[in-house]
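See below for work28.cif, which holds mmCIF, N, CA and C atoms.
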```cif
data_final
#
loop_
_atom_site.label_atom_id
_atom_site.label_comp_id
_atom_site.auth_asym_id
_atom_site.auth_seq_id
_atom_site.Cartn_x
_atom_site.Cartn_y
_atom_site.Cartn_z
N MET A 1 -37.70 -84.87 -160.17
CA MET A 1 -37.48 -85.38 -161.50
C MET A 1 -36.10 -86.00 -161.67
N ASP A 2 -35.15 -85.54 -160.85
CA ASP A 2 -33.79 -86.07 -160.98
C ASP A 2 -33.54 -87.26 -160.08
N GLY A 3 -34.57 -87.74 -159.41
CA GLY A 3 -34.41 -88.90 -158.55
C GLY A 3 -34.17 -88.54 -157.10
N GLY A 4 -34.07 -87.25 -156.79
CA GLY A 4 -33.85 -86.82 -155.42
C GLY A 4 -35.16 -86.72 -154.66
N ILE A 5 -35.04 -86.75 -153.35
CA ILE A 5 -36.22 -86.60 -152.50
C ILE A 5 -36.37 -85.13 -152.17
N GLY A 6 -37.54 -84.59 -152.43
CA GLY A 6 -37.79 -83.18 -152.15
C GLY A 6 -38.20 -82.95 -150.71
N TYR A 7 -39.20 -83.64 -150.25
CA TYR A 7 -39.72 -83.48 -148.90
C TYR A 7 -40.10 -84.84 -148.34
N VAL A 8 -39.88 -84.99 -147.08
CA VAL A 8 -40.39 -86.15 -146.37
C VAL A 8 -41.08 -85.59 -145.14
N ILE A 9 -42.40 -85.73 -145.08
CA ILE A 9 -43.16 -85.22 -143.94
C ILE A 9 -44.06 -86.33 -143.41
N PRO A 10 -44.25 -86.36 -142.11
CA PRO A 10 -45.15 -87.37 -141.55
C PRO A 10 -46.61 -86.93 -141.68
N ILE A 11 -47.46 -87.86 -142.01
CA ILE A 11 -48.90 -87.60 -142.03
C ILE A 11 -49.60 -88.75 -141.33
N SER A 12 -50.83 -88.53 -140.95
CA SER A 12 -51.58 -89.57 -140.24
C SER A 12 -51.90 -90.73 -141.18
N GLU A 13 -52.17 -91.87 -140.58
CA GLU A 13 -52.46 -93.08 -141.36
C GLU A 13 -53.72 -92.90 -142.20
N LYS A 14 -54.72 -92.27 -141.62
CA LYS A 14 -55.99 -92.07 -142.33
C LYS A 14 -55.79 -91.17 -143.55
N THR A 15 -55.04 -90.10 -143.37
CA THR A 15 -54.76 -89.18 -144.48
C THR A 15 -53.92 -89.88 -145.54
N PHE A 16 -52.92 -90.68 -145.10
CA PHE A 16 -52.08 -91.40 -146.05
C PHE A 16 -52.92 -92.33 -146.92
N ARG A 17 -53.81 -93.07 -146.31
CA ARG A 17 -54.63 -94.01 -147.07
C ARG A 17 -55.51 -93.29 -148.09
N ARG A 18 -56.11 -92.18 -147.66
CA ARG A 18 -56.98 -91.42 -148.56
C ARG A 18 -56.17 -90.86 -149.73
N LEU A 19 -54.98 -90.29 -149.44
CA LEU A 19 -54.17 -89.71 -150.51
C LEU A 19 -53.52 -90.77 -151.38
N PHE A 20 -53.23 -91.93 -150.81
CA PHE A 20 -52.69 -93.03 -151.62
C PHE A 20 -53.72 -93.50 -152.64
N ILE A 21 -54.97 -93.60 -152.22
CA ILE A 21 -56.04 -93.98 -153.15
C ILE A 21 -56.23 -92.89 -154.20
N LEU A 22 -56.14 -91.62 -153.78
CA LEU A 22 -56.23 -90.51 -154.73
C LEU A 22 -55.10 -90.59 -155.75
N GLN A 23 -53.89 -90.85 -155.29
CA GLN A 23 -52.74 -90.95 -156.18
C GLN A 23 -52.95 -92.05 -157.22
N ASN A 24 -53.44 -93.20 -156.79
CA ASN A 24 -53.69 -94.28 -157.74
C ASN A 24 -54.80 -93.93 -158.72
N ALA A 25 -55.81 -93.20 -158.26
CA ALA A 25 -56.89 -92.78 -159.16
C ALA A 25 -56.38 -91.79 -160.21
N ILE A 26 -55.49 -90.91 -159.81
CA ILE A 26 -54.93 -89.95 -160.77
C ILE A 26 -54.01 -90.66 -161.76
N TYR A 27 -53.26 -91.67 -161.30
CA TYR A 27 -52.43 -92.46 -162.21
C TYR A 27 -53.28 -93.04 -163.33
N VAL A 28 -54.45 -93.54 -162.99
CA VAL A 28 -55.32 -94.17 -163.97
C VAL A 28 -55.97 -93.13 -164.89
N MET A 29 -56.34 -91.99 -164.32
CA MET A 29 -57.11 -90.99 -165.05
C MET A 29 -56.26 -90.16 -166.02
N LYS A 30 -55.07 -89.76 -165.59
CA LYS A 30 -54.24 -88.87 -166.41
C LYS A 30 -53.51 -89.66 -167.49
N PRO A 31 -53.27 -89.05 -168.64
CA PRO A 31 -52.52 -89.75 -169.70
C PRO A 31 -51.04 -89.89 -169.31
N HIS A 32 -50.42 -90.95 -169.79
CA HIS A 32 -49.01 -91.19 -169.53
C HIS A 32 -48.20 -90.61 -170.69
N TYR A 33 -47.38 -89.62 -170.40
CA TYR A 33 -46.60 -88.96 -171.44
C TYR A 33 -45.37 -89.79 -171.80
N ALA A 34 -45.06 -89.83 -173.07
CA ALA A 34 -43.91 -90.53 -173.62
C ALA A 34 -43.92 -92.02 -173.28
N GLY A 35 -45.09 -92.55 -173.03
CA GLY A 35 -45.20 -93.98 -172.73
C GLY A 35 -44.66 -94.37 -171.37
N LEU A 36 -44.41 -93.40 -170.48
CA LEU A 36 -43.85 -93.69 -169.17
C LEU A 36 -44.96 -93.80 -168.14
N ASN A 37 -44.97 -94.90 -167.44
CA ASN A 37 -45.91 -95.08 -166.35
C ASN A 37 -45.35 -94.35 -165.14
N PRO A 38 -46.03 -93.33 -164.61
CA PRO A 38 -45.47 -92.54 -163.51
C PRO A 38 -45.19 -93.37 -162.26
N LYS A 39 -45.91 -94.44 -162.08
CA LYS A 39 -45.71 -95.28 -160.90
C LYS A 39 -44.35 -95.99 -160.97
N SER A 40 -43.96 -96.43 -162.13
CA SER A 40 -42.72 -97.20 -162.22
C SER A 40 -41.49 -96.32 -162.47
N TYR A 41 -41.60 -95.29 -163.28
CA TYR A 41 -40.39 -94.52 -163.57
C TYR A 41 -40.05 -93.54 -162.46
N ARG A 42 -40.95 -93.28 -161.53
CA ARG A 42 -40.65 -92.41 -160.40
C ARG A 42 -40.37 -93.18 -159.12
N ALA A 43 -40.48 -94.48 -159.16
CA ALA A 43 -40.30 -95.31 -157.97
C ALA A 43 -38.83 -95.34 -157.56
N TRP A 44 -38.59 -95.38 -156.27
CA TRP A 44 -37.25 -95.46 -155.73
C TRP A 44 -36.77 -96.90 -155.81
N ARG A 45 -35.54 -97.08 -156.24
CA ARG A 45 -34.96 -98.41 -156.32
C ARG A 45 -33.60 -98.42 -155.62
N SER A 46 -33.36 -99.44 -154.86
CA SER A 46 -32.10 -99.60 -154.17
C SER A 46 -31.21 -100.55 -154.96
N ARG A 47 -29.91 -100.39 -154.80
CA ARG A 47 -28.99 -101.29 -155.50
C ARG A 47 -28.95 -102.67 -154.84
N ARG A 48 -29.21 -102.70 -153.55
CA ARG A 48 -29.24 -103.99 -152.89
C ARG A 48 -30.68 -104.38 -152.58
N ARG A 49 -30.88 -105.62 -152.42
CA ARG A 49 -32.23 -106.13 -152.21
C ARG A 49 -32.71 -105.83 -150.79
N GLU A 50 -33.89 -105.25 -150.67
CA GLU A 50 -34.46 -104.90 -149.39
C GLU A 50 -35.57 -105.88 -149.03
N LEU A 51 -35.88 -105.96 -147.75
CA LEU A 51 -36.97 -106.82 -147.30
C LEU A 51 -38.33 -106.12 -147.38
N ILE A 52 -38.30 -104.81 -147.51
CA ILE A 52 -39.55 -104.05 -147.62
C ILE A 52 -39.58 -103.35 -148.96
N ALA A 53 -40.74 -102.87 -149.31
CA ALA A 53 -40.90 -102.10 -150.55
C ALA A 53 -41.16 -100.64 -150.18
N PRO A 54 -40.11 -99.80 -150.09
CA PRO A 54 -40.30 -98.42 -149.63
C PRO A 54 -41.17 -97.58 -150.54
N GLN A 55 -41.21 -97.89 -151.84
CA GLN A 55 -42.04 -97.09 -152.74
C GLN A 55 -43.52 -97.25 -152.44
N ARG A 56 -43.90 -98.26 -151.70
CA ARG A 56 -45.31 -98.45 -151.35
C ARG A 56 -45.73 -97.53 -150.22
N ASN A 57 -44.77 -96.95 -149.50
CA ASN A 57 -45.08 -96.11 -148.35
C ASN A 57 -44.85 -94.64 -148.62
N LEU A 58 -44.67 -94.28 -149.88
CA LEU A 58 -44.42 -92.89 -150.25
C LEU A 58 -45.52 -92.37 -151.16
N LEU A 59 -45.80 -91.09 -150.99
CA LEU A 59 -46.75 -90.42 -151.87
C LEU A 59 -45.98 -89.47 -152.78
N ASP A 60 -46.42 -89.33 -153.99
CA ASP A 60 -45.79 -88.45 -154.96
C ASP A 60 -46.58 -87.14 -155.00
N GLY A 61 -45.97 -86.11 -154.45
CA GLY A 61 -46.64 -84.81 -154.37
C GLY A 61 -46.97 -84.22 -155.72
N ASP A 62 -46.10 -84.41 -156.70
CA ASP A 62 -46.37 -83.88 -158.03
C ASP A 62 -47.64 -84.48 -158.62
N ILE A 63 -47.83 -85.75 -158.40
CA ILE A 63 -49.05 -86.41 -158.89
C ILE A 63 -50.26 -85.95 -158.08
N LEU A 64 -50.11 -85.87 -156.76
CA LEU A 64 -51.24 -85.47 -155.91
C LEU A 64 -51.69 -84.05 -156.21
N PHE A 65 -50.74 -83.15 -156.44
CA PHE A 65 -51.12 -81.76 -156.69
C PHE A 65 -51.72 -81.55 -158.08
N GLU A 66 -51.71 -82.59 -158.91
CA GLU A 66 -52.46 -82.54 -160.17
C GLU A 66 -53.96 -82.40 -159.90
N TYR A 67 -54.38 -82.83 -158.72
CA TYR A 67 -55.80 -82.75 -158.34
C TYR A 67 -56.29 -81.30 -158.38
N PHE A 68 -55.42 -80.34 -158.04
CA PHE A 68 -55.80 -78.93 -158.08
C PHE A 68 -56.09 -78.45 -159.50
N HIS A 69 -55.49 -79.09 -160.49
CA HIS A 69 -55.63 -78.66 -161.88
C HIS A 69 -56.75 -79.36 -162.63
N LEU A 70 -57.47 -80.25 -161.95
CA LEU A 70 -58.58 -80.94 -162.58
C LEU A 70 -59.82 -80.05 -162.57
N SER A 71 -60.74 -80.33 -163.46
CA SER A 71 -62.00 -79.58 -163.47
C SER A 71 -62.87 -80.04 -162.30
N TYR A 72 -63.90 -79.28 -162.02
CA TYR A 72 -64.80 -79.60 -160.91
C TYR A 72 -65.44 -80.98 -161.10
N VAL A 73 -65.83 -81.27 -162.32
CA VAL A 73 -66.47 -82.56 -162.61
C VAL A 73 -65.49 -83.71 -162.38
N GLU A 74 -64.24 -83.56 -162.84
CA GLU A 74 -63.24 -84.60 -162.64
C GLU A 74 -62.92 -84.79 -161.16
N ARG A 75 -62.85 -83.68 -160.42
CA ARG A 75 -62.60 -83.77 -158.98
C ARG A 75 -63.70 -84.54 -158.27
N SER A 76 -64.93 -84.18 -158.58
CA SER A 76 -66.05 -84.85 -157.90
C SER A 76 -66.15 -86.32 -158.33
N GLU A 77 -65.80 -86.63 -159.56
CA GLU A 77 -65.82 -88.02 -160.04
C GLU A 77 -64.79 -88.86 -159.28
N ILE A 78 -63.59 -88.33 -159.13
CA ILE A 78 -62.54 -89.04 -158.38
C ILE A 78 -62.93 -89.19 -156.92
N ALA A 79 -63.46 -88.13 -156.32
CA ALA A 79 -63.87 -88.20 -154.92
C ALA A 79 -64.95 -89.25 -154.71
N LYS A 80 -65.87 -89.33 -155.66
CA LYS A 80 -66.93 -90.34 -155.56
C LYS A 80 -66.35 -91.75 -155.68
N LYS A 81 -65.36 -91.92 -156.56
CA LYS A 81 -64.74 -93.22 -156.74
C LYS A 81 -64.03 -93.70 -155.47
N ILE A 82 -63.38 -92.78 -154.79
CA ILE A 82 -62.63 -93.18 -153.60
C ILE A 82 -63.43 -92.99 -152.31
N LYS A 83 -64.70 -92.68 -152.47
CA LYS A 83 -65.66 -92.62 -151.35
C LYS A 83 -65.28 -91.61 -150.29
N THR A 84 -64.99 -90.40 -150.73
CA THR A 84 -64.74 -89.29 -149.83
C THR A 84 -65.27 -88.03 -150.48
N SER A 85 -65.14 -86.92 -149.80
CA SER A 85 -65.64 -85.67 -150.37
C SER A 85 -64.50 -84.88 -151.01
N THR A 86 -64.87 -84.03 -151.93
CA THR A 86 -63.91 -83.17 -152.58
C THR A 86 -63.27 -82.23 -151.57
N ASP A 87 -64.07 -81.71 -150.66
CA ASP A 87 -63.56 -80.79 -149.64
C ASP A 87 -62.51 -81.46 -148.76
N GLN A 88 -62.72 -82.72 -148.41
CA GLN A 88 -61.76 -83.45 -147.58
C GLN A 88 -60.43 -83.61 -148.29
N LEU A 89 -60.48 -83.95 -149.56
CA LEU A 89 -59.25 -84.10 -150.34
C LEU A 89 -58.53 -82.77 -150.49
N LEU A 90 -59.27 -81.71 -150.75
CA LEU A 90 -58.67 -80.38 -150.87
C LEU A 90 -58.06 -79.94 -149.54
N ASP A 91 -58.72 -80.24 -148.43
CA ASP A 91 -58.18 -79.90 -147.11
C ASP A 91 -56.87 -80.65 -146.85
N ASP A 92 -56.83 -81.94 -147.18
CA ASP A 92 -55.62 -82.73 -146.98
C ASP A 92 -54.46 -82.19 -147.81
N LEU A 93 -54.73 -81.90 -149.08
CA LEU A 93 -53.68 -81.40 -149.96
C LEU A 93 -53.23 -80.00 -149.56
N THR A 94 -54.14 -79.18 -149.12
CA THR A 94 -53.80 -77.84 -148.65
C THR A 94 -52.94 -77.91 -147.40
N GLU A 95 -53.25 -78.82 -146.51
CA GLU A 95 -52.46 -79.00 -145.29
C GLU A 95 -51.03 -79.42 -145.63
N ILE A 96 -50.89 -80.35 -146.55
CA ILE A 96 -49.55 -80.78 -146.97
C ILE A 96 -48.82 -79.63 -147.65
N PHE A 97 -49.51 -78.86 -148.46
CA PHE A 97 -48.89 -77.72 -149.13
C PHE A 97 -48.40 -76.71 -148.10
N GLN A 98 -49.17 -76.47 -147.04
CA GLN A 98 -48.77 -75.53 -146.00
C GLN A 98 -47.54 -76.05 -145.24
N PHE A 99 -47.45 -77.36 -145.03
CA PHE A 99 -46.27 -77.93 -144.38
C PHE A 99 -45.02 -77.70 -145.20
N THR A 100 -45.15 -77.82 -146.51
CA THR A 100 -43.98 -77.77 -147.39
C THR A 100 -43.68 -76.38 -147.93
N CYS A 101 -44.53 -75.41 -147.72
CA CYS A 101 -44.29 -74.08 -148.31
C CYS A 101 -43.17 -73.33 -147.60
N HIS A 102 -42.71 -73.80 -146.47
CA HIS A 102 -41.60 -73.15 -145.78
C HIS A 102 -40.29 -73.38 -146.48
N PHE A 103 -40.23 -74.41 -147.30
CA PHE A 103 -39.00 -74.76 -147.97
C PHE A 103 -39.00 -74.13 -149.33
#
```

Please go through the file and, once you have read it, give me the structure as structure tokens.
Amino acid sequence: MDGGIGYVIPISEKTFRRLFILQNAIYVMKPHYAGLNPKSYRAWRSRRRELIAPQRNLLDGDILFEYFHLSYVERSEIAKKIKTSTDQLLDDLTEIFQFTCHF
């Protein structure tokens, strides 16, 4: 929340793509509090101009872990939208949680 990076962990390309689509689906589904779009106000910005867009290669764990707090119907609806199973998404998020629980 303060602009710092909490964790940086490597994940496979396939998992990244699935979770990136999940993140975008949650952005659309959840309400935006105080009129703040979570995609823009949480994005990393550099003072100098970069040739790449690093915010496109990062996942927001706080947004992703919102998936655990959704109802069963909402979970299955999102999984259907992104063409994967609920179990696969839960497995991916649980794996990331296990990686980061040491800290």

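Atom pair CA of Gln23 in chain A / atom C of Leu64 in chain A: separated by 7.0 Å.
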
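Of the residues under consideration (A:Val73, A:Leu89, A:Lys80, A:Tyr67), A:Tyr67 shows the shortest atom-to-atom contact distance to Ile26 in chain A when counting all atoms listed in the file.
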
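Atom to atom, atom N of Thr15 in chain A and atom N of Ser76 in chain A stand 19.1 Å apart.
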
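Across the model, the gap from CA of Ile63 in chain A to atom N of Ile21 in chain A is 11.5 Å.
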
Give me the residues near Ile96 in chain A as a CSV table (one decimal) with N, CA and C atoms, keeping the file's coordinate frame, where near means some atom within 12 Å (using only C-alpha atoms) and where sequence neighbours in that chain fewer than 3 positions away do not count.
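Done, and the output landed in part22.csv:
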```
chain,number,residue,atom,x,y,z
A,7,TYR,N,-39.2,-83.6,-150.2
A,7,TYR,CA,-39.7,-83.5,-148.9
A,7,TYR,C,-40.1,-84.8,-148.3
A,8,VAL,N,-39.9,-85.0,-147.1
A,8,VAL,CA,-40.4,-86.2,-146.4
A,8,VAL,C,-41.1,-85.6,-145.1
A,9,ILE,N,-42.4,-85.7,-145.1
A,9,ILE,CA,-43.2,-85.2,-143.9
A,9,ILE,C,-44.1,-86.3,-143.4
A,10,PRO,N,-44.2,-86.4,-142.1
A,10,PRO,CA,-45.2,-87.4,-141.6
A,10,PRO,C,-46.6,-86.9,-141.7
A,11,ILE,N,-47.5,-87.9,-142.0
A,11,ILE,CA,-48.9,-87.6,-142.0
A,11,ILE,C,-49.6,-88.8,-141.3
A,12,SER,N,-50.8,-88.5,-141.0
A,12,SER,CA,-51.6,-89.6,-140.2
A,12,SER,C,-51.9,-90.7,-141.2
A,15,THR,N,-55.0,-90.1,-143.4
A,15,THR,CA,-54.8,-89.2,-144.5
A,15,THR,C,-53.9,-89.9,-145.5
A,16,PHE,N,-52.9,-90.7,-145.1
A,16,PHE,CA,-52.1,-91.4,-146.0
A,16,PHE,C,-52.9,-92.3,-146.9
A,19,LEU,N,-55.0,-90.3,-149.4
A,19,LEU,CA,-54.2,-89.7,-150.5
A,19,LEU,C,-53.5,-90.8,-151.4
A,59,LEU,N,-45.8,-91.1,-151.0
A,59,LEU,CA,-46.8,-90.4,-151.9
A,59,LEU,C,-46.0,-89.5,-152.8
A,60,ASP,N,-46.4,-89.3,-154.0
A,60,ASP,CA,-45.8,-88.4,-155.0
A,60,ASP,C,-46.6,-87.1,-155.0
A,61,GLY,N,-46.0,-86.1,-154.4
A,61,GLY,CA,-46.6,-84.8,-154.4
A,61,GLY,C,-47.0,-84.2,-155.7
A,62,ASP,N,-46.1,-84.4,-156.7
A,62,ASP,CA,-46.4,-83.9,-158.0
A,62,ASP,C,-47.6,-84.5,-158.6
A,64,LEU,N,-50.1,-85.9,-156.8
A,64,LEU,CA,-51.2,-85.5,-155.9
A,64,LEU,C,-51.7,-84.0,-156.2
A,65,PHE,N,-50.7,-83.2,-156.4
A,65,PHE,CA,-51.1,-81.8,-156.7
A,65,PHE,C,-51.7,-81.6,-158.1
A,89,LEU,N,-60.5,-84.0,-149.6
A,89,LEU,CA,-59.2,-84.1,-150.3
A,89,LEU,C,-58.5,-82.8,-150.5
A,90,LEU,N,-59.3,-81.7,-150.8
A,90,LEU,CA,-58.7,-80.4,-150.9
A,90,LEU,C,-58.1,-79.9,-149.5
A,91,ASP,N,-58.7,-80.2,-148.4
A,91,ASP,CA,-58.2,-79.9,-147.1
A,91,ASP,C,-56.9,-80.6,-146.8
A,92,ASP,N,-56.8,-81.9,-147.2
A,92,ASP,CA,-55.6,-82.7,-147.0
A,92,ASP,C,-54.5,-82.2,-147.8
A,93,LEU,N,-54.7,-81.9,-149.1
A,93,LEU,CA,-53.7,-81.4,-150.0
A,93,LEU,C,-53.2,-80.0,-149.6
A,99,PHE,N,-47.4,-77.4,-145.0
A,99,PHE,CA,-46.3,-77.9,-144.4
A,99,PHE,C,-45.0,-77.7,-145.2
A,100,THR,N,-45.2,-77.8,-146.5
A,100,THR,CA,-44.0,-77.8,-147.4
A,100,THR,C,-43.7,-76.4,-147.9
A,101,CYS,N,-44.5,-75.4,-147.7
A,101,CYS,CA,-44.3,-74.1,-148.3
A,101,CYS,C,-43.2,-73.3,-147.6
A,102,HIS,N,-42.7,-73.8,-146.5
A,102,HIS,CA,-41.6,-73.2,-145.8
A,102,HIS,C,-40.3,-73.4,-146.5
```
